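Enquirer: Structure file start24.cif (mmCIF, C-alpha atoms and all ligand atoms) right here:
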```
data_final
loop_
_atom_site.label_atom_id
_atom_site.label_comp_id
_atom_site.auth_asym_id
_atom_site.auth_seq_id
_atom_site.Cartn_x
_atom_site.Cartn_y
_atom_site.Cartn_z
CA MET A 1069 -3.26 -19.98 6.66
CA SER A 1070 -1.45 -23.14 7.75
CA LYS A 1071 2.15 -22.61 8.78
CA GLY A 1072 4.85 -25.25 8.77
CA ARG A 1073 6.98 -25.68 11.86
CA THR A 1074 9.38 -22.77 12.15
CA THR A 1075 11.46 -21.72 15.09
CA LEU A 1076 12.79 -18.28 15.86
CA ARG A 1077 14.61 -16.73 18.79
CA VAL A 1078 12.27 -15.02 21.25
CA ASP A 1079 14.22 -11.74 20.98
CA LYS A 1080 13.90 -11.85 17.18
CA ILE A 1081 10.16 -12.31 17.43
CA LEU A 1082 9.80 -9.36 19.78
CA SER A 1083 11.99 -7.11 17.67
CA HIS A 1084 10.21 -8.07 14.41
CA LEU A 1085 6.94 -7.05 16.03
CA GLY A 1086 8.46 -3.80 17.28
CA LEU A 1087 7.87 -4.78 20.91
CA ALA A 1088 11.45 -4.78 22.17
CA THR A 1089 15.01 -4.45 20.93
CA ARG A 1090 17.36 -7.36 21.51
CA SER A 1091 18.80 -5.73 24.62
CA ASP A 1092 15.32 -4.82 25.91
CA SER A 1093 14.40 -8.50 25.48
CA LYS A 1094 17.32 -9.53 27.70
CA LYS A 1095 16.07 -7.17 30.40
CA LEU A 1096 12.49 -8.39 30.06
CA VAL A 1097 13.67 -11.98 30.46
CA LYS A 1098 15.71 -11.05 33.56
CA GLN A 1099 12.63 -9.39 35.03
CA GLY A 1100 10.63 -12.57 34.38
CA ARG A 1101 8.14 -10.74 32.13
CA ILE A 1102 8.23 -13.18 29.22
CA LEU A 1103 6.45 -16.52 29.35
CA VAL A 1104 6.51 -19.31 26.79
CA ASN A 1105 3.76 -21.91 27.12
CA GLY A 1106 3.05 -20.64 30.60
CA LEU A 1107 6.63 -20.80 31.89
CA VAL A 1108 8.96 -17.90 32.66
CA ILE A 1109 11.93 -18.15 30.31
CA LYS A 1110 15.57 -17.67 31.26
CA ASP A 1111 17.13 -16.99 27.86
CA SER A 1112 16.03 -14.38 25.30
CA GLY A 1113 17.73 -16.51 22.64
CA LEU A 1114 15.37 -19.42 23.27
CA GLN A 1115 14.07 -20.93 20.03
CA VAL A 1116 10.30 -21.10 19.89
CA ASP A 1117 7.69 -21.74 17.24
CA PRO A 1118 6.02 -18.32 16.88
CA TYR A 1119 2.88 -19.80 15.30
CA HIS A 1120 2.29 -22.62 17.78
CA ASP A 1121 4.00 -21.77 21.07
CA LYS A 1122 2.16 -19.41 23.37
CA ILE A 1123 4.31 -16.36 24.04
CA GLU A 1124 3.27 -13.76 26.59
CA LEU A 1125 4.75 -10.41 27.50
CA ASP A 1126 3.50 -8.91 30.75
CA GLY A 1127 0.59 -11.32 30.61
CA GLU A 1128 -0.48 -10.22 27.11
CA PRO A 1129 -0.31 -12.71 24.23
CA VAL A 1130 2.32 -11.91 21.60
CA LEU A 1131 0.78 -12.58 18.19
CA TYR A 1132 3.44 -13.20 15.62
CA ARG A 1133 3.14 -12.61 11.90
CA GLU A 1134 5.74 -12.18 9.25
CA PHE A 1135 3.93 -9.79 6.94
CA VAL A 1136 1.70 -6.74 7.21
CA TYR A 1137 -0.70 -5.53 4.54
CA ILE A 1138 -1.84 -1.96 5.00
CA MET A 1139 -4.35 0.10 3.06
CA LEU A 1140 -3.42 3.77 3.27
CA HIS A 1141 -5.58 6.65 2.12
CA LYS A 1142 -2.65 8.67 0.84
CA PRO A 1143 -3.10 12.38 1.25
CA ALA A 1144 -1.50 14.92 -1.10
CA GLY A 1145 1.85 16.28 0.07
CA VAL A 1146 3.57 13.04 1.07
CA VAL A 1147 5.83 11.00 -1.16
CA SER A 1148 5.47 7.30 -1.99
CA ALA A 1149 8.88 6.30 -0.66
CA THR A 1150 10.32 4.79 2.48
CA GLU A 1151 12.79 7.63 3.03
CA ASP A 1152 13.18 11.13 1.70
CA ASN A 1153 15.50 13.98 2.61
CA ARG A 1154 12.97 16.74 1.98
CA ASP A 1155 9.42 15.45 2.17
CA ARG A 1156 7.34 13.42 4.57
CA THR A 1157 6.87 9.88 3.30
CA VAL A 1158 3.89 7.54 3.42
CA ILE A 1159 5.83 5.48 5.98
CA ASP A 1160 5.98 8.50 8.30
CA LEU A 1161 2.19 8.23 8.55
CA LEU A 1162 2.44 4.86 10.31
CA PRO A 1163 2.95 4.31 14.04
CA PRO A 1164 6.11 2.50 15.21
CA GLN A 1165 4.47 -0.92 15.63
CA PHE A 1166 3.74 -0.95 11.88
CA ARG A 1167 7.01 0.68 10.84
CA ALA A 1168 8.76 -2.16 12.70
CA PHE A 1169 7.75 -4.48 9.83
CA SER A 1170 9.66 -2.31 7.31
CA PRO A 1171 6.73 -1.93 4.92
CA PHE A 1172 7.15 -0.22 1.56
CA PRO A 1173 4.64 1.19 -0.92
CA VAL A 1174 3.49 -1.12 -3.71
CA GLY A 1175 4.04 1.21 -6.65
CA ARG A 1176 4.03 4.97 -6.56
CA LEU A 1177 1.51 7.72 -6.49
CA ASP A 1178 2.72 11.25 -7.27
CA LYS A 1179 3.17 13.62 -4.35
CA ASP A 1180 -0.04 15.46 -5.29
CA THR A 1181 -2.06 12.26 -5.95
CA GLU A 1182 -4.37 10.94 -3.25
CA GLY A 1183 -6.07 7.64 -2.64
CA LEU A 1184 -5.38 3.95 -2.38
CA LEU A 1185 -1.84 2.90 -1.60
CA LEU A 1186 -0.96 -0.58 -0.42
CA LEU A 1187 1.97 -0.87 1.99
CA THR A 1188 3.51 -4.22 2.77
CA ASN A 1189 6.73 -6.05 3.54
CA ASP A 1190 5.64 -8.97 1.34
CA GLY A 1191 8.01 -8.65 -1.60
CA GLN A 1192 6.42 -11.49 -3.54
CA LEU A 1193 2.94 -9.98 -3.46
CA ALA A 1194 4.31 -6.56 -4.39
CA HIS A 1195 6.25 -8.06 -7.27
CA ASP A 1196 3.17 -9.88 -8.56
CA LEU A 1197 0.99 -6.77 -8.37
CA LEU A 1198 3.56 -4.62 -10.12
CA SER A 1199 4.68 -7.08 -12.77
CA PRO A 1200 4.06 -5.48 -16.18
CA ARG A 1201 3.03 -8.92 -17.48
CA LYS A 1202 0.13 -9.17 -15.02
CA HIS A 1203 -1.68 -6.02 -16.21
CA VAL A 1204 -3.28 -5.41 -12.82
CA PRO A 1205 -6.02 -2.80 -13.45
CA LYS A 1206 -5.88 0.46 -11.52
CA THR A 1207 -8.79 2.87 -11.46
CA TYR A 1208 -8.38 6.58 -10.88
CA TYR A 1209 -10.93 9.26 -10.19
CA ALA A 1210 -9.85 12.52 -11.78
CA GLU A 1211 -11.05 16.03 -12.36
CA VAL A 1212 -9.75 17.23 -15.70
CA GLN A 1213 -9.86 20.42 -17.65
CA GLY A 1214 -12.40 20.66 -20.45
CA ALA A 1215 -15.34 18.64 -21.65
CA VAL A 1216 -13.94 15.18 -22.24
CA GLY A 1217 -16.27 12.55 -23.68
CA ASP A 1218 -16.64 9.90 -26.35
CA ALA A 1219 -13.73 11.13 -28.50
CA GLU A 1220 -11.28 10.80 -25.61
CA ALA A 1221 -12.79 7.45 -24.57
CA VAL A 1222 -12.12 6.11 -28.07
CA ARG A 1223 -8.58 7.43 -28.08
CA PHE A 1224 -7.82 5.89 -24.69
CA GLU A 1225 -9.35 2.62 -25.84
CA GLN A 1226 -7.01 2.66 -28.85
CA GLY A 1227 -3.95 3.83 -26.90
CA VAL A 1228 -2.33 7.26 -26.88
CA ASP A 1229 1.28 8.33 -27.36
CA ILE A 1230 2.46 9.70 -24.00
CA GLY A 1231 5.89 10.64 -25.23
CA GLU A 1232 9.19 8.94 -26.00
CA GLY A 1233 7.25 6.90 -28.57
CA TYR A 1234 5.30 5.00 -25.93
CA VAL A 1235 1.71 4.13 -26.81
CA THR A 1236 -0.45 3.16 -23.84
CA LEU A 1237 -2.37 -0.09 -23.56
CA PRO A 1238 -6.16 0.14 -23.97
CA ALA A 1239 -7.71 2.05 -21.08
CA LYS A 1240 -11.31 2.65 -20.12
CA LEU A 1241 -12.68 6.15 -19.62
CA GLU A 1242 -15.99 6.77 -17.92
CA VAL A 1243 -17.27 10.33 -17.68
CA LEU A 1244 -19.20 10.85 -14.45
CA GLU A 1245 -20.24 14.47 -14.94
CA ARG A 1246 -19.22 17.83 -16.28
CA VAL A 1247 -19.35 20.90 -14.11
CA GLY A 1248 -18.59 24.60 -14.52
CA THR A 1249 -19.35 26.96 -17.34
CA GLU A 1250 -19.04 26.40 -21.09
CA GLU A 1251 -15.72 28.29 -21.16
CA ALA A 1252 -14.38 26.63 -18.02
CA THR A 1253 -15.70 23.09 -17.92
CA VAL A 1254 -14.26 20.48 -15.57
CA SER A 1255 -14.98 16.79 -16.25
CA ARG A 1256 -15.18 14.30 -13.43
CA ILE A 1257 -14.08 10.94 -14.71
CA LEU A 1258 -12.94 7.42 -13.87
CA LEU A 1259 -10.02 6.02 -15.84
CA THR A 1260 -8.89 2.40 -15.63
CA ILE A 1261 -5.40 1.59 -16.83
CA SER A 1262 -3.58 -1.72 -16.69
CA GLU A 1263 -0.01 -0.52 -16.55
CA GLY A 1264 1.86 2.01 -14.47
CA LYS A 1265 4.11 4.33 -16.43
CA PHE A 1266 5.52 7.41 -14.71
CA HIS A 1267 2.78 10.10 -14.44
CA GLN A 1268 0.70 7.93 -16.73
CA VAL A 1269 -2.75 9.39 -16.15
CA LYS A 1270 -1.51 12.98 -16.33
CA ARG A 1271 0.39 12.23 -19.54
CA MET A 1272 -2.63 10.49 -21.09
CA PHE A 1273 -4.80 13.55 -20.56
CA GLU A 1274 -2.05 15.80 -21.88
CA ALA A 1275 -1.95 13.60 -24.98
CA VAL A 1276 -5.60 14.44 -25.67
CA GLY A 1277 -5.18 18.17 -24.94
CA SER A 1278 -6.52 18.19 -21.39
CA LYS A 1279 -4.95 18.56 -17.96
CA VAL A 1280 -5.45 16.65 -14.72
CA LEU A 1281 -6.47 19.05 -11.94
CA TYR A 1282 -7.04 16.43 -9.22
CA LEU A 1283 -6.15 12.74 -9.12
CA LYS A 1284 -7.09 9.98 -6.72
CA ARG A 1285 -6.61 6.23 -7.04
CA VAL A 1286 -9.73 4.33 -6.07
CA SER A 1287 -8.77 0.73 -6.79
CA MET A 1288 -5.93 -1.61 -7.58
CA GLY A 1289 -6.87 -5.07 -8.81
CA ALA A 1290 -9.76 -6.25 -6.65
CA LEU A 1291 -8.78 -3.92 -3.81
CA LYS A 1292 -10.96 -0.83 -3.39
CA LEU A 1293 -10.15 2.22 -1.32
CA ASP A 1294 -12.20 2.14 1.88
CA GLU A 1295 -13.88 5.53 1.57
CA SER A 1296 -14.52 5.57 5.32
CA LEU A 1297 -10.77 6.02 5.84
CA PRO A 1298 -10.00 9.72 6.19
CA LYS A 1299 -7.06 11.07 4.17
CA GLY A 1300 -3.82 10.09 5.91
CA ALA A 1301 -5.46 7.19 7.78
CA PHE A 1302 -4.78 3.51 7.27
CA ARG A 1303 -6.01 0.10 8.26
CA GLU A 1304 -4.85 -3.47 7.75
CA LEU A 1305 -6.42 -5.42 4.91
CA THR A 1306 -9.12 -7.89 5.83
CA GLU A 1307 -8.46 -11.57 5.07
CA GLU A 1308 -10.92 -11.34 2.16
CA GLU A 1309 -9.20 -8.29 0.70
CA LEU A 1310 -5.83 -9.99 0.95
CA ALA A 1311 -7.16 -13.18 -0.64
CA SER A 1312 -8.63 -11.13 -3.50
CA LEU A 1313 -5.16 -9.81 -4.36
CA ARG A 1314 -3.48 -13.20 -4.63
N1 LIG B 1 -0.82 8.58 -12.94
C1 LIG B 1 -0.32 9.78 -12.62
O1 LIG B 1 -0.17 10.64 -13.49
N2 LIG B 1 0.01 10.01 -11.35
C2 LIG B 1 -0.16 9.11 -10.36
O2 LIG B 1 0.15 9.40 -9.20
C3 LIG B 1 -0.68 7.86 -10.70
C4 LIG B 1 -1.02 7.61 -12.00
#
```
So that I can check it, write out the structure of this file as structure tokens.
Expert:
Amino acid sequence: MSKGRTTLRVDKILSHLGLATRSDSKKLVKQGRILVNGLVIKDSGLQVDPYHDKIELDGEPVLYREFVYIMLHKPAGVVSATEDNRDRTVIDLLPPQFRAFSPFPVGRLDKDTEGLLLLTNDGQLAHDLLSPRKHVPKTYYAEVQGAVGDAEAVRFEQGVDIGEGYVTLPAKLEVLERVGTEEATVSRILLTISEGKFHQVKRMFEAVGSKVLYLKRVSMGALKLDESLPKGAFRELTEEELASLR
């Protein structure tokens, strides 16, 4: 991505990247541990171009970026929030160098829902992905009570009333398999919705007389959960993944 000329204070750059507080930066400068374009600097307030000037800390290059884009495999038991008084949050799963960017979850998954959650500090991208006008498709894998099939697929295609008079937009149901006994069947399904009402998938299955037993988001727009990520693990998006979301 081409960046225009920007300048920022060296201490701001280091603190944005979670490398040093402002007062740490002062000390680092005093100790001669910060170089800009090969020269030891004397002032932690020096204005530099973080994209073009070469900044080094203890001989290591300092690579600046404004935004982070993180794919998290959310486990059950953590809440999709940045802070919570009772529960662990998805942000608590990140190490300090990523928390330094102040990322937030793009949309919410319920505490017991697993799967793909995008975390970023890019408000514009988050806004675009969540905008109700954009109808970004989200696909969920679910295990639901009973033998769901064509009848439910038709109802979801037509839209179901999930309460308070709200009728869902057309959604696509794909039944993967049915397991269990005749009296206690569980259907494994994929459901793609293009909106994000509170508890939407659970309420849609309730509307057709079923119940979600397990729920996992597998994709959001063009972004697919990397199944090699264990639950609770994360990685940054690749350039291609990020481009596919824009
Ligand atoms: N629908 C739900 O019911 N729960 C989620 O976490 C996501 C979609």
Enquirer: Using all atoms listed in the file, I'd like a table of the residues in chain A that come within 7 Å of ligand LIG 1 (chain B); for each, show the closest atom pair and its distance in Å rounded to one decimal, ordered by chain and ascending number, as CSV.
Expert:
```
residue,atom,partner,partner_atom,distance
A:Arg1176,CA,B:LIG1,O2,6.5
A:Leu1177,CA,B:LIG1,O2,3.5
A:Asp1178,CA,B:LIG1,O2,3.7
A:Thr1181,CA,B:LIG1,O2,4.9
A:Gly1264,CA,B:LIG1,C4,6.8
A:Phe1266,CA,B:LIG1,C1,6.6
A:His1267,CA,B:LIG1,O1,3.1
A:Gln1268,CA,B:LIG1,N1,4.1
A:Val1269,CA,B:LIG1,N1,3.8
A:Lys1270,CA,B:LIG1,O1,3.9
A:Arg1271,CA,B:LIG1,O1,6.3
```
Enquirer: Could you dump the residues just selected with C-alpha atoms as a PDB file, in the coordinates of the input?
Expert:
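This is the output file selection-v4.pdb:
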```
ATOM      1  CA  ARG A1176       4.030   4.970  -6.560  1.00  0.00           C
ATOM      2  CA  LEU A1177       1.510   7.720  -6.490  1.00  0.00           C
ATOM      3  CA  ASP A1178       2.720  11.250  -7.270  1.00  0.00           C
ATOM      4  CA  THR A1181      -2.060  12.260  -5.950  1.00  0.00           C
ATOM      5  CA  GLY A1264       1.860   2.010 -14.470  1.00  0.00           C
ATOM      6  CA  PHE A1266       5.520   7.410 -14.710  1.00  0.00           C
ATOM      7  CA  HIS A1267       2.780  10.100 -14.440  1.00  0.00           C
ATOM      8  CA  GLN A1268       0.700   7.930 -16.730  1.00  0.00           C
ATOM      9  CA  VAL A1269      -2.750   9.390 -16.150  1.00  0.00           C
ATOM     10  CA  LYS A1270      -1.510  12.980 -16.330  1.00  0.00           C
ATOM     11  CA  ARG A1271       0.390  12.230 -19.540  1.00  0.00           C
TER      12      ARG A1271
END
```
Enquirer: From the list A:Leu1161, A:Ala1239, A:Leu1305, A:Leu1140, which residue is nearest Arg1285 of chain A when using all atoms listed in the file?
Expert: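 Using all atoms listed in the file, Arg1285 of chain A sits closest to A:Leu1140.
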Enquirer: Could you state the separation of atom CA of Lys1098 of chain A and atom CA of Lys1110 of chain A in Å, given to one decimal place?
Expert: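 A separation of 7.0 Å between them.
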Enquirer: Would you list the contacts of Leu1291 of chain A as an MDAnalysis selection string, taking every protein, DNA or RNA residue within 10 Å and counting all atoms listed in the file, but skipping same-chain residues closer than 2 positions in sequence?
Expert: chainID A and resid 1139 1184:1186 1206 1286:1289 1293:1294 1305 1308:1313
Enquirer: Please write the residues from the selection above to a file, keeping C-alpha atoms, as an mmCIF file, in the coordinates of the input.
Expert:
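Output file out24.cif follows:
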```
data_model
loop_
_atom_site.group_PDB
_atom_site.id
_atom_site.type_symbol
_atom_site.label_atom_id
_atom_site.label_comp_id
_atom_site.auth_asym_id
_atom_site.auth_seq_id
_atom_site.Cartn_x
_atom_site.Cartn_y
_atom_site.Cartn_z
ATOM 1 C CA MET A 1139 -4.350 0.100 3.060
ATOM 2 C CA LEU A 1184 -5.380 3.950 -2.380
ATOM 3 C CA LEU A 1185 -1.840 2.900 -1.600
ATOM 4 C CA LEU A 1186 -0.960 -0.580 -0.420
ATOM 5 C CA LYS A 1206 -5.880 0.460 -11.520
ATOM 6 C CA VAL A 1286 -9.730 4.330 -6.070
ATOM 7 C CA SER A 1287 -8.770 0.730 -6.790
ATOM 8 C CA MET A 1288 -5.930 -1.610 -7.580
ATOM 9 C CA GLY A 1289 -6.870 -5.070 -8.810
ATOM 10 C CA LEU A 1293 -10.150 2.220 -1.320
ATOM 11 C CA ASP A 1294 -12.200 2.140 1.880
ATOM 12 C CA LEU A 1305 -6.420 -5.420 4.910
ATOM 13 C CA GLU A 1308 -10.920 -11.340 2.160
ATOM 14 C CA GLU A 1309 -9.200 -8.290 0.700
ATOM 15 C CA LEU A 1310 -5.830 -9.990 0.950
ATOM 16 C CA ALA A 1311 -7.160 -13.180 -0.640
ATOM 17 C CA SER A 1312 -8.630 -11.130 -3.500
ATOM 18 C CA LEU A 1313 -5.160 -9.810 -4.360
#
```
Enquirer: Calculated over only C-alpha atoms, which of the candidates A:Asp1117, A:Lys1080, A:Val1276, A:Arg1090 has the smallest distance to Ala1219 of chain A?
Expert: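 Between A:Asp1117, A:Lys1080, A:Val1276, A:Arg1090, the residue approaching Ala1219 of chain A most closely is A:Val1276.
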Enquirer: Could you tell me which of A:Arg1201, A:Lys1292, A:Arg1073, A:Lys1179 comes closest to Asp1121 of chain A if we count all atoms listed in the file?
Expert: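 Answer, going by the shortest atom-to-atom distance: A:Arg1073.
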Enquirer: Distance atom CA of His1203 of chain A-atom CA of Ile1261 of chain A, one decimal place?
Expert: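 Going from atom CA of His1203 of chain A over to atom CA of Ile1261 of chain A covers 8.5 Å.
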Enquirer: Let me make sure I understand: among A:Leu1281, A:Leu1107, A:Val1130, A:Ala1144, which one has the smallest atom-to-atom distance to Asp1079 of chain A if we use all atoms listed in the file?
Expert: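 Checking each candidate against Asp1079 of chain A, we get A:Val1130 as the closest.
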Enquirer: Given the choices A:Arg1101, A:His1120, A:His1141, A:Arg1133, which gets closest to Ala1301 of chain A if the distance is worked out from all atoms listed in the file?
Expert: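 Closest residue, counting all atoms listed in the file: A:His1141.
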Enquirer: At a cut-off of 10 Å, using all atoms listed in the file, what residues contact Gly1231 of chain A? Leave out same-chain residues fewer than 5 positions from it and give the result as a PyMOL selection string.
Expert: chain A and resi 1236+1271-1272+1275
Enquirer: Using the selection just defined, write its residues with C-alpha atoms as a tab-separated table (two decimals), in the frame of the given file.
Expert:
```
chain	number	residue	atom	x	y	z
A	1236	THR	CA	-0.45	3.16	-23.84
A	1271	ARG	CA	0.39	12.23	-19.54
A	1272	MET	CA	-2.63	10.49	-21.09
A	1275	ALA	CA	-1.95	13.60	-24.98
```
Enquirer: Could you tell me how far atom CA of Pro1205 of chain A sits from atom CA of Phe1135 of chain A, in Å to one decimal place?
Expert: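 Going from atom CA of Phe1135 of chain A over to atom CA of Pro1205 of chain A, I get 23.7 Å.
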Enquirer: For each of A:Ala1168, A:Ile1102, A:Val1147, A:Leu1283, take the minimum atom-to-atom distance to Thr1089 of chain A, counting all atoms listed in the file, then give the residue where this is smallest.
Expert: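 Selected residue with least distance to Thr1089 of chain A: A:Ala1168.
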Enquirer: So that I can see what lies close to Gln1115 of chain A, please list as a list in words the residues with an atom at most 10 Å from it, counting all atoms listed in the file and leaving out residues fewer than 6 positions away in the same chain.
Expert: Thr1074, Thr1075, Leu1076, Arg1077, Val1078, Asp1079, Lys1080 and Ile1081 of chain A
